[in-house]
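Raw my_file21.cif, mmCIF, C-alpha atoms and all ligand atoms:
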data_data
loop_
_atom_site.label_atom_id
_atom_site.label_comp_id
_atom_site.auth_asym_id
_atom_site.auth_seq_id
_atom_site.Cartn_x
_atom_site.Cartn_y
_atom_site.Cartn_z
CA MET A 298 -49.72 19.72 -3.20
CA ILE A 299 -46.89 17.49 -2.01
CA LYS A 300 -43.67 19.46 -1.62
CA VAL A 301 -40.46 18.15 -3.18
CA LEU A 302 -37.06 19.71 -2.50
CA LEU A 303 -34.27 19.46 -5.06
CA SER A 304 -30.81 19.86 -3.55
CA GLN A 305 -29.85 21.44 -6.90
CA GLU A 306 -31.58 21.83 -10.27
CA ILE A 307 -31.95 18.54 -12.18
CA HIS A 308 -32.05 17.83 -15.93
CA PRO A 309 -35.28 19.18 -17.54
CA GLU A 310 -36.41 15.64 -18.45
CA GLY A 311 -36.53 14.76 -14.75
CA ARG A 312 -38.21 18.07 -13.93
CA LYS A 313 -40.94 17.27 -16.49
CA LEU A 314 -41.98 14.17 -14.52
CA LEU A 315 -42.57 16.32 -11.43
CA GLU A 316 -44.24 19.36 -13.01
CA GLY A 317 -47.93 19.66 -12.27
CA LYS A 318 -47.83 16.85 -9.72
CA PHE A 319 -45.65 18.35 -7.03
CA ASP A 320 -44.74 21.71 -5.58
CA VAL A 321 -41.03 21.68 -6.50
CA ARG A 322 -38.49 23.96 -4.86
CA ILE A 323 -34.70 24.20 -5.01
CA ALA A 324 -32.49 24.49 -1.94
CA PRO A 325 -30.84 27.92 -1.75
CA SER A 326 -27.49 26.30 -0.92
CA ALA A 327 -25.96 23.08 0.37
CA ALA A 328 -25.27 24.54 3.83
CA GLU A 329 -26.85 22.48 6.61
CA ALA A 330 -28.71 25.48 8.06
CA ASP A 331 -30.26 26.29 4.66
CA LEU A 332 -31.24 22.66 4.11
CA ILE A 333 -32.88 22.46 7.55
CA GLU A 334 -35.00 25.49 6.67
CA ALA A 335 -35.76 24.30 3.12
CA ALA A 336 -36.63 20.72 4.14
CA LYS A 337 -38.77 21.45 7.18
CA ASP A 338 -42.14 21.04 5.39
CA VAL A 339 -41.23 18.84 2.41
CA GLU A 340 -42.21 15.20 1.92
CA ALA A 341 -39.51 14.29 -0.57
CA ILE A 342 -35.94 15.29 -1.35
CA ILE A 343 -34.20 14.63 -4.64
CA LEU A 344 -30.55 14.67 -3.74
CA ARG A 345 -27.60 15.28 -6.02
CA THR A 346 -24.00 14.99 -4.81
CA ASN A 347 -23.79 18.71 -3.98
CA ALA A 348 -25.36 18.35 -0.53
CA LYS A 349 -25.41 16.09 2.54
CA ILE A 350 -28.61 15.06 4.28
CA THR A 351 -27.53 14.83 7.90
CA ARG A 352 -29.34 13.48 10.97
CA LYS A 353 -30.08 17.09 12.00
CA ILE A 354 -31.82 17.80 8.69
CA ILE A 355 -33.78 14.53 8.87
CA GLU A 356 -34.87 15.23 12.45
CA SER A 357 -36.05 18.73 11.48
CA ALA A 358 -38.20 17.43 8.60
CA PRO A 359 -41.23 15.73 10.22
CA LYS A 360 -43.10 15.20 6.92
CA LEU A 361 -40.16 13.72 5.01
CA LYS A 362 -40.94 10.28 3.56
CA ILE A 363 -38.45 9.68 0.79
CA ILE A 364 -34.94 10.76 -0.15
CA SER A 365 -34.18 9.93 -3.77
CA ARG A 366 -30.55 9.98 -4.86
CA THR A 367 -29.64 10.79 -8.45
CA GLY A 368 -26.76 8.28 -8.31
CA ALA A 369 -25.64 5.01 -6.78
CA GLY A 370 -23.78 6.31 -3.72
CA VAL A 371 -25.65 7.12 -0.51
CA ASP A 372 -22.58 8.34 1.36
CA ASN A 373 -24.17 11.82 1.50
CA VAL A 374 -27.22 10.60 3.42
CA ASP A 375 -27.36 9.60 7.09
CA VAL A 376 -29.07 6.32 6.19
CA ASP A 377 -29.36 5.16 9.82
CA ALA A 378 -31.18 8.36 10.81
CA ALA A 379 -33.50 8.02 7.80
CA THR A 380 -34.29 4.37 8.55
CA GLU A 381 -35.03 5.20 12.20
CA LYS A 382 -37.61 7.74 10.99
CA GLY A 383 -39.09 5.28 8.44
CA ILE A 384 -37.84 7.36 5.48
CA LEU A 385 -37.07 5.56 2.22
CA VAL A 386 -33.57 6.15 0.87
CA CYS A 387 -33.72 5.37 -2.85
CA ASN A 388 -30.64 5.17 -5.06
CA LEU A 389 -29.80 4.28 -8.65
CA PRO A 390 -27.29 1.47 -8.82
CA ALA A 391 -25.58 1.20 -12.19
CA VAL A 392 -27.16 4.38 -13.57
CA ASN A 393 -23.84 5.75 -14.83
CA ASN A 394 -21.73 2.60 -15.17
CA VAL A 395 -21.46 2.74 -18.93
CA SER A 396 -20.41 6.40 -18.86
CA VAL A 397 -17.74 5.88 -16.19
CA ALA A 398 -16.42 2.70 -17.81
CA GLU A 399 -16.16 4.44 -21.18
CA HIS A 400 -14.37 7.37 -19.52
CA ALA A 401 -11.80 5.03 -17.97
CA VAL A 402 -11.26 3.38 -21.37
CA ALA A 403 -10.94 6.85 -22.95
CA LEU A 404 -8.23 7.80 -20.43
CA ILE A 405 -6.40 4.53 -21.09
CA MET A 406 -6.51 5.13 -24.85
CA HIS A 407 -5.60 8.79 -24.49
CA LEU A 408 -2.49 7.85 -22.49
CA ALA A 409 -1.53 4.99 -24.81
CA LYS A 410 -1.74 7.23 -27.85
CA GLN A 411 -0.23 10.26 -26.05
CA LEU A 412 -2.97 12.49 -27.45
CA SER A 413 -2.23 15.47 -25.18
CA ALA A 414 1.42 15.61 -26.28
CA MET A 415 0.51 15.03 -29.94
CA ASP A 416 -2.15 17.74 -29.86
CA ARG A 417 0.20 20.27 -28.25
CA ALA A 418 3.00 19.46 -30.67
CA VAL A 419 0.86 19.90 -33.78
CA ARG A 420 -0.38 23.29 -32.52
CA GLU A 421 3.22 24.36 -31.81
CA GLY A 422 4.41 23.33 -35.28
CA LYS A 423 6.40 20.37 -33.90
CA TRP A 424 5.28 17.95 -36.57
CA SER A 425 8.35 15.78 -36.01
CA ILE A 426 6.72 14.36 -32.87
CA ARG A 427 5.28 11.74 -35.25
CA ASN A 428 8.72 10.12 -35.32
CA SER A 429 9.11 10.05 -31.54
CA ASN A 430 7.29 6.70 -31.15
CA ILE A 431 5.87 7.71 -27.80
CA ALA A 432 2.51 6.04 -28.46
CA VAL A 433 1.99 2.36 -27.67
CA GLU A 434 -0.42 -0.37 -28.76
CA LEU A 435 -2.88 -1.69 -26.21
CA GLU A 436 -3.33 -5.16 -27.70
CA GLY A 437 -1.56 -7.70 -25.52
CA LYS A 438 -0.85 -5.19 -22.75
CA ILE A 439 -1.79 -6.02 -19.15
CA LEU A 440 -4.61 -4.04 -17.57
CA GLY A 441 -4.68 -4.25 -13.77
CA VAL A 442 -8.25 -3.71 -12.58
CA ILE A 443 -8.75 -2.99 -8.88
CA GLY A 444 -12.40 -3.52 -7.92
CA MET A 445 -14.40 -5.79 -10.24
CA GLY A 446 -17.85 -4.39 -9.44
CA SER A 447 -20.20 -3.06 -12.08
CA ILE A 448 -17.82 -0.42 -13.49
CA GLY A 449 -14.58 -2.39 -13.12
CA ALA A 450 -16.12 -5.47 -14.76
CA LEU A 451 -17.33 -3.36 -17.68
CA VAL A 452 -13.89 -1.77 -18.16
CA ALA A 453 -12.32 -5.23 -18.06
CA LYS A 454 -14.80 -6.53 -20.65
CA LYS A 455 -14.36 -3.57 -23.01
CA CYS A 456 -10.56 -3.68 -22.78
CA HIS A 457 -10.37 -7.46 -23.04
CA ASP A 458 -12.99 -8.12 -25.71
CA GLY A 459 -12.61 -4.86 -27.61
CA LEU A 460 -8.92 -4.03 -27.33
CA GLY A 461 -7.32 -7.43 -26.78
CA MET A 462 -5.79 -6.50 -23.43
CA LYS A 463 -4.96 -9.11 -20.79
CA ILE A 464 -6.84 -8.62 -17.53
CA LEU A 465 -5.18 -8.91 -14.15
CA ALA A 466 -7.83 -8.32 -11.50
CA TYR A 467 -7.82 -7.66 -7.78
CA ASP A 468 -11.07 -7.82 -5.82
CA PRO A 469 -11.25 -9.89 -2.64
CA TYR A 470 -15.05 -10.17 -2.88
CA THR A 471 -16.10 -10.97 -6.44
CA LYS A 472 -13.63 -13.46 -7.91
CA GLU A 473 -16.28 -16.22 -8.20
CA LYS A 474 -18.42 -14.21 -10.64
CA PHE A 475 -15.66 -14.33 -13.25
CA LYS A 476 -14.74 -18.00 -13.24
CA ASP A 477 -15.73 -18.34 -16.90
CA CYS A 478 -13.74 -15.28 -18.02
CA ASP A 479 -10.23 -15.32 -19.32
CA TYR A 480 -9.09 -13.04 -16.48
CA GLU A 481 -6.29 -13.68 -14.00
CA PHE A 482 -7.12 -12.78 -10.42
CA VAL A 483 -4.30 -11.96 -8.02
CA GLY A 484 -4.58 -12.05 -4.25
CA ASP A 485 -1.90 -9.47 -3.80
CA LEU A 486 -1.93 -5.84 -4.93
CA LYS A 487 1.87 -5.82 -5.10
CA GLU A 488 1.80 -8.38 -7.90
CA LEU A 489 -0.78 -6.37 -9.83
CA PHE A 490 1.21 -3.12 -9.61
CA ARG A 491 4.45 -4.87 -10.53
CA ARG A 492 3.05 -6.58 -13.63
CA ALA A 493 0.44 -4.19 -15.07
CA ASP A 494 1.02 -1.84 -18.01
CA PHE A 495 -2.07 0.11 -16.99
CA VAL A 496 -3.73 0.13 -13.56
CA THR A 497 -7.35 1.28 -13.31
CA LEU A 498 -9.17 1.85 -10.00
CA HIS A 499 -12.83 0.96 -9.47
CA CYS A 500 -13.41 0.34 -5.78
CA PRO A 501 -15.33 2.51 -3.33
CA ASP A 502 -13.84 4.87 -0.78
CA THR A 503 -14.01 2.96 2.50
CA PRO A 504 -11.75 2.94 5.57
CA GLN A 505 -10.11 -0.19 4.04
CA THR A 506 -9.49 1.29 0.59
CA ARG A 507 -8.52 4.85 1.55
CA GLY A 508 -4.83 5.31 0.70
CA MET A 509 -4.62 1.71 -0.62
CA VAL A 510 -2.42 2.85 -3.52
CA THR A 511 0.65 3.53 -1.42
CA ARG A 512 4.00 5.09 -2.34
CA ASP A 513 5.56 1.61 -2.39
CA LEU A 514 2.98 0.30 -4.84
CA ILE A 515 3.34 3.32 -7.14
CA TYR A 516 7.12 3.03 -7.13
CA SER A 517 6.89 -0.71 -7.86
CA MET A 518 5.26 -0.01 -11.25
CA LYS A 519 7.16 -0.31 -14.51
CA PRO A 520 8.54 3.03 -15.80
CA THR A 521 6.36 2.50 -18.89
CA ALA A 522 3.17 1.96 -16.86
CA TYR A 523 0.20 4.27 -16.42
CA ILE A 524 -2.37 4.67 -13.65
CA VAL A 525 -6.00 5.67 -14.24
CA ASN A 526 -8.38 6.75 -11.50
CA THR A 527 -12.09 7.32 -12.05
CA ALA A 528 -13.05 6.03 -8.58
CA ARG A 529 -12.07 8.39 -5.75
CA GLY A 530 -8.98 10.57 -5.27
CA THR A 531 -8.63 9.40 -1.68
CA LEU A 532 -7.65 5.88 -2.82
CA ILE A 533 -4.20 7.10 -3.94
CA ASP A 534 -1.35 8.67 -2.01
CA GLU A 535 -1.52 11.77 -4.24
CA LYS A 536 1.79 13.23 -3.05
CA ALA A 537 3.58 9.96 -3.90
CA LEU A 538 1.87 9.89 -7.30
CA ILE A 539 3.07 13.43 -8.05
CA ASP A 540 6.64 12.50 -7.04
CA ALA A 541 6.58 9.38 -9.23
CA LEU A 542 5.20 11.35 -12.19
CA LYS A 543 7.79 14.12 -11.77
CA GLU A 544 10.64 11.63 -11.55
CA ARG A 545 9.20 9.65 -14.50
CA SER A 546 9.25 6.60 -12.26
CA ILE A 547 5.94 5.85 -14.00
CA ALA A 548 4.94 6.99 -17.49
CA GLY A 549 1.80 8.92 -16.66
CA ALA A 550 -1.67 9.09 -15.16
CA GLY A 551 -5.26 9.76 -16.18
CA LEU A 552 -7.29 11.25 -13.35
CA ASP A 553 -10.96 12.12 -13.09
CA VAL A 554 -10.88 12.39 -9.28
CA PHE A 555 -8.65 14.14 -6.77
CA THR A 556 -7.97 14.16 -3.04
CA GLU A 557 -9.41 17.66 -2.93
CA GLU A 558 -12.08 18.68 -5.48
CA PRO A 559 -11.68 20.94 -7.27
CA PRO A 560 -7.90 20.63 -6.84
CA ASP A 561 -6.12 23.66 -5.44
CA LYS A 562 -4.67 25.87 -8.19
CA ASP A 563 -1.19 25.12 -6.81
CA ASN A 564 -1.70 21.34 -6.98
CA GLU A 565 1.34 20.08 -8.89
CA LEU A 566 -0.76 17.66 -10.91
CA LEU A 567 -2.06 20.64 -12.87
CA LYS A 568 1.48 21.46 -14.03
CA LEU A 569 2.65 18.01 -15.14
CA ASP A 570 2.63 17.18 -18.83
CA ASN A 571 2.41 13.39 -18.31
CA VAL A 572 -1.09 13.49 -16.82
CA VAL A 573 -4.49 13.91 -18.42
CA LEU A 574 -7.18 15.33 -16.15
CA SER A 575 -10.95 15.65 -16.13
CA PRO A 576 -13.18 17.38 -13.55
CA HIS A 577 -14.93 14.37 -11.92
CA SER A 578 -16.98 14.28 -15.10
CA ALA A 579 -16.85 10.57 -15.94
CA ALA A 580 -20.52 10.09 -15.12
CA MET A 581 -21.72 13.36 -16.59
CA THR A 582 -22.62 12.34 -20.12
CA LYS A 583 -25.84 13.55 -21.72
CA GLU A 584 -27.36 10.09 -21.43
CA ALA A 585 -26.38 9.36 -17.83
CA THR A 586 -27.37 12.84 -16.61
CA THR A 587 -30.79 12.44 -18.20
CA ARG A 588 -31.19 8.96 -16.71
CA MET A 589 -30.07 10.16 -13.27
CA SER A 590 -32.66 12.92 -13.16
CA THR A 591 -35.56 10.98 -14.68
CA GLU A 592 -35.03 7.84 -12.60
CA ALA A 593 -34.59 9.79 -9.34
CA ALA A 594 -37.79 11.75 -10.11
CA GLN A 595 -39.56 8.52 -11.11
CA ALA A 596 -38.81 6.99 -7.70
CA VAL A 597 -40.63 9.93 -6.07
CA VAL A 598 -43.55 9.71 -8.53
CA ASP A 599 -43.82 5.94 -8.00
CA TYR A 600 -43.80 6.26 -4.23
CA PHE A 601 -46.53 8.89 -4.07
CA GLU A 602 -48.63 7.16 -6.75
CA GLY A 603 -48.70 4.02 -4.62
CA ARG A 604 -45.96 1.98 -6.30
CA GLN A 605 -42.81 0.73 -4.61
CA PRO A 606 -39.75 2.54 -6.01
CA ARG A 607 -37.41 0.27 -7.97
CA TYR A 608 -34.35 0.60 -5.71
CA ILE A 609 -34.70 1.21 -1.98
CA PHE A 610 -31.28 1.17 -0.38
CA ASN A 611 -32.53 0.76 3.22
CA ILE A 612 -35.32 -1.69 2.35
CA LYS A 613 -34.22 -4.28 4.93
CA GLY A 614 -34.31 -1.85 7.85
CA LEU A 615 -37.65 -0.41 6.71
CA ILE A 616 -39.27 -3.85 6.43
CA GLU A 617 -38.00 -4.72 9.91
CA LYS A 618 -39.70 -1.57 11.18
CA GLY A 619 -42.93 -2.40 9.29
CA VAL A 620 -42.73 0.76 7.13
CA GLU A 621 -44.98 0.89 4.02
CA LEU A 622 -42.80 1.03 0.90
CA SER A 623 -45.30 3.11 -1.08
CA TYR A 624 -47.60 5.95 -0.15
CA LYS A 625 -51.12 4.64 0.20
CA SER A 626 -53.38 7.68 -0.14
CA ARG A 627 -53.05 8.85 -3.74
CA PHE A 628 -52.89 12.57 -4.31
P1 LIG B 1 -19.56 -1.53 -7.15
O1 LIG B 1 -20.02 -1.51 -5.74
O2 LIG B 1 -20.37 -2.23 -8.17
O3 LIG B 1 -18.09 -2.17 -7.21
C1 LIG B 1 -17.08 -1.89 -6.28
C2 LIG B 1 -16.18 -3.10 -6.25
O4 LIG B 1 -15.07 -2.80 -5.41
C3 LIG B 1 -16.86 -4.36 -5.67
O5 LIG B 1 -16.75 -5.44 -6.55
C4 LIG B 1 -16.10 -4.60 -4.39
O6 LIG B 1 -15.99 -5.99 -4.09
C5 LIG B 1 -14.75 -3.99 -4.71
N1 LIG B 1 -13.95 -3.69 -3.54
C6 LIG B 1 -14.36 -3.28 -2.32
N2 LIG B 1 -13.31 -3.15 -1.51
C7 LIG B 1 -12.22 -3.50 -2.22
C8 LIG B 1 -10.83 -3.59 -1.92
N3 LIG B 1 -10.36 -3.30 -0.71
N4 LIG B 1 -10.00 -3.97 -2.92
C9 LIG B 1 -10.45 -4.27 -4.14
N5 LIG B 1 -11.76 -4.23 -4.48
C10 LIG B 1 -12.62 -3.84 -3.52
O7 LIG B 1 -19.30 -0.01 -7.55
P2 LIG B 1 -19.22 0.62 -9.00
O8 LIG B 1 -20.57 1.06 -9.42
O9 LIG B 1 -18.46 -0.28 -9.89
O10 LIG B 1 -18.38 1.95 -8.70
C11 LIG B 1 -17.05 1.89 -8.28
C12 LIG B 1 -16.62 3.24 -7.77
O11 LIG B 1 -16.57 4.17 -8.85
C13 LIG B 1 -17.62 3.90 -6.80
O12 LIG B 1 -17.45 3.44 -5.50
C14 LIG B 1 -17.30 5.36 -6.93
O13 LIG B 1 -16.31 5.70 -5.99
C15 LIG B 1 -16.73 5.48 -8.33
N6 LIG B 1 -17.60 6.26 -9.22
C16 LIG B 1 -17.06 7.36 -9.82
C17 LIG B 1 -17.81 8.13 -10.67
C18 LIG B 1 -17.20 9.30 -11.38
O14 LIG B 1 -17.94 10.17 -11.85
N7 LIG B 1 -15.90 9.37 -11.52
C19 LIG B 1 -19.24 7.86 -10.87
C20 LIG B 1 -19.69 6.61 -10.28
C21 LIG B 1 -18.89 5.88 -9.43
#

This structure in structure tokens:
Amino acid sequence: MIKVLLSQEIHPEGRKLLEGKFDVRIAPSAAEADLIEAAKDVEAIILRTNAKITRKIIESAPKLKIISRTGAGVDNVDVDAATEKGILVCNLPAVNNVSVAEHAVALIMHLAKQLSAMDRAVREGKWSIRNSNIAVELEGKILGVIGMGSIGALVAKKCHDGLGMKILAYDPYTKEKFKDCDYEFVGDLKELFRRADFVTLHCPDTPQTRGMVTRDLIYSMKPTAYIVNTARGTLIDEKALIDALKERSIAGAGLDVFTEEPPDKDNELLKLDNVVLSPHSAAMTKEATTRMSTEAAQAVVDYFEGRQPRYIFNIKGLIEKGVELSYKSRF
């Protein structure tokens, strides 16, 4: 039976697709040494974000033919090493877009309506908070969207069409796609930070974007403005954000991601009352988790049953090398 390694247990619906067809095992840990041992005789790996498939692991797994990611990102796979060995790296673009976009909208609404403060006050018997007028309306407010890819575009659409917000977008690569939308694109991040009532981040962590939200940009925001991050913690100068939040130089923040995850227990963000936090859980809805496991398992099933998996991230490199994109001898 073909051996499949799971870097971590997957949702039972995904498991079901593998049962009876494959010999499925789970890696004992995400440590490289354990993965080398666990992967040495497997033909497929289903990879969650808990582990990294390094060149060393790939080179110690002579039978490995396919690595199937349960998400869109392949930053935890040495794709070059896999391509050199003719191994398919499959991913799932857009599998959790709706979940992440909804989470960003939820953070925006939570901040606008000051739900954390309201909830605390009611529990503490401070009913008079209802007269404090700390909540705001979103209609007509400016949402600055950084990164108009699949998630950013969805957040813009939901906030524009559903909530009546004005969209100010910054994305040097995708402006053309939105020429028919009533969105204003700016070529300068400074303008976006200066004008937006809410800023939401949706670009990847790359050497160009790391630390892109600088102290200067944060301090250029209106004192009534909020920042929401469901992309990556590394995009923001976290120390500067904490300073600005403490000094009330901005009104608040909604954060699903942090520079260090989980954040250290002494991280000051955990003590501030003008932030709402979630544990990098934007994608982890029931629906998206089920889809992530079933579609990642399906890619493995398709490959070994002689069909080309739907999304092959390194397809170009594999074609150049003349690698077959499905397994010919059925099992
Ligand atoms: P995508 O690849 O569809 O879109 C990314 C967009 O960022 C592209 O339009 C690209 O042109 C733009 N971009 C690249 N460099 C930029 C720059 N310097 N300035 C402005 N825009 C730039 O990616 P998608 O699916 O929309 O995801 C966005 C990010 O969300 C991911 O990279 C990931 O970090 C994060 N994410 C977070 C999750 C969570 O659980 N919190 C789950 C899934 C994704």

Problem - Selection: 12 Å around Gly549 of chain A, only C-alpha atoms, excl. self and same-chain fewer than 2 positions, as a ChimeraX atom specification - result: /A:404-405,407-411,413-414,431,494-496,515,518-526,538-547,551-552,566,569-574

Per residue of chain A within 7 Å of ligand LIG 1 (chain B), record the nearest atom pair and its distance in Å to one decimal, counting only C-alpha atoms and all ligand atoms, with rows in chain order and ascending residue number, as a tab-separated table.
residue	atom	partner	partner_atom	distance
A:Ala369	CA	B:LIG1	O8	6.9
A:Pro390	CA	B:LIG1	O8	6.8
A:Ala391	CA	B:LIG1	O8	5.7
A:Asn393	CA	B:LIG1	C20	6.2
A:Asn394	CA	B:LIG1	O8	6.1
A:Val397	CA	B:LIG1	C19	5.9
A:Ile443	CA	B:LIG1	C9	5.2
A:Gly444	CA	B:LIG1	N5	3.6
A:Met445	CA	B:LIG1	O5	4.4
A:Gly446	CA	B:LIG1	O3	3.2
A:Ser447	CA	B:LIG1	O9	3.9
A:Ile448	CA	B:LIG1	O9	3.7
A:Gly449	CA	B:LIG1	O9	5.5
A:Tyr467	CA	B:LIG1	C9	5.6
A:Asp468	CA	B:LIG1	N5	3.9
A:Pro469	CA	B:LIG1	C9	5.9
A:Tyr470	CA	B:LIG1	O6	4.5
A:Thr471	CA	B:LIG1	O6	5.5
A:His499	CA	B:LIG1	C11	4.5
A:Cys500	CA	B:LIG1	O4	3.6
A:Pro501	CA	B:LIG1	O12	3.2
A:Asp502	CA	B:LIG1	O13	5.8
A:Gln505	CA	B:LIG1	N3	5.7
A:Thr506	CA	B:LIG1	N3	4.8
A:Thr527	CA	B:LIG1	N7	4.4
A:Ala528	CA	B:LIG1	C15	3.7
A:Arg529	CA	B:LIG1	O13	5.0
A:Asp553	CA	B:LIG1	N7	5.9
A:Val554	CA	B:LIG1	N7	6.3
A:His577	CA	B:LIG1	N7	5.1
A:Ser578	CA	B:LIG1	O14	5.3
A:Ala579	CA	B:LIG1	O14	4.3
A:Ala580	CA	B:LIG1	O14	4.2
A:Met581	CA	B:LIG1	O14	6.9

Taking all listed atoms of segment 493-500 of chain A, build the axis-aligned box, pad each of the six sides by 4 Å, then write its centre and edge lengths in Å to one decimal as AutoDock Vina command-line options.
--center_x -6.2 --center_y -1.2 --center_z -11.9 --size_x 22.4 --size_y 14.0 --size_z 20.2

Exercise for the section: Could you please determine the separation between atom CA of Glu488 of chain A and atom CA of Ser517 of chain A in Å, to one decimal place? Expected result: 9.2 Å

Practice task
List the neighbours of segment 314-320 of chain A out to 10 Å using all atoms listed in the file; skip same-chain residues closer than 4 positions along the sequence, and give me the result as a PyMOL selection string.
Solution key: chain A and resi 298-302+309-310+339+341+590-592+594-595+597-598+601+628

Exercise for the section: May I have the residues within 9 Å of Lys349 of chain A as a PyMOL selection string, using all atoms listed in the file and disregarding those fewer than 3 positions away in the same chain? Expected result: chain A and resi 304+327-329+332+344-346+372-375

Using C-alpha atoms, can you export the residues from the last selection as a CSV table (one decimal), keeping the file's coordinate frame?
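The new file out_11.csv reads:
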chain,number,residue,atom,x,y,z
A,304,SER,CA,-30.8,19.9,-3.6
A,327,ALA,CA,-26.0,23.1,0.4
A,328,ALA,CA,-25.3,24.5,3.8
A,329,GLU,CA,-26.8,22.5,6.6
A,332,LEU,CA,-31.2,22.7,4.1
A,344,LEU,CA,-30.6,14.7,-3.7
A,345,ARG,CA,-27.6,15.3,-6.0
A,346,THR,CA,-24.0,15.0,-4.8
A,372,ASP,CA,-22.6,8.3,1.4
A,373,ASN,CA,-24.2,11.8,1.5
A,374,VAL,CA,-27.2,10.6,3.4
A,375,ASP,CA,-27.4,9.6,7.1

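The spacing separating atom CA of Ile533 of chain A from atom CA of Lys583 of chain A amounts to 28.7 Å.
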
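Atom to atom, atom CA of Ala548 of chain A and atom CA of Tyr516 of chain A stand 11.3 Å apart.
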
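When all atoms listed in the file are used to compute distances to Val395 of chain A, the closest of the residues A:Pro559, A:Arg607, A:Glu535, A:Lys455 turns out to be A:Lys455.
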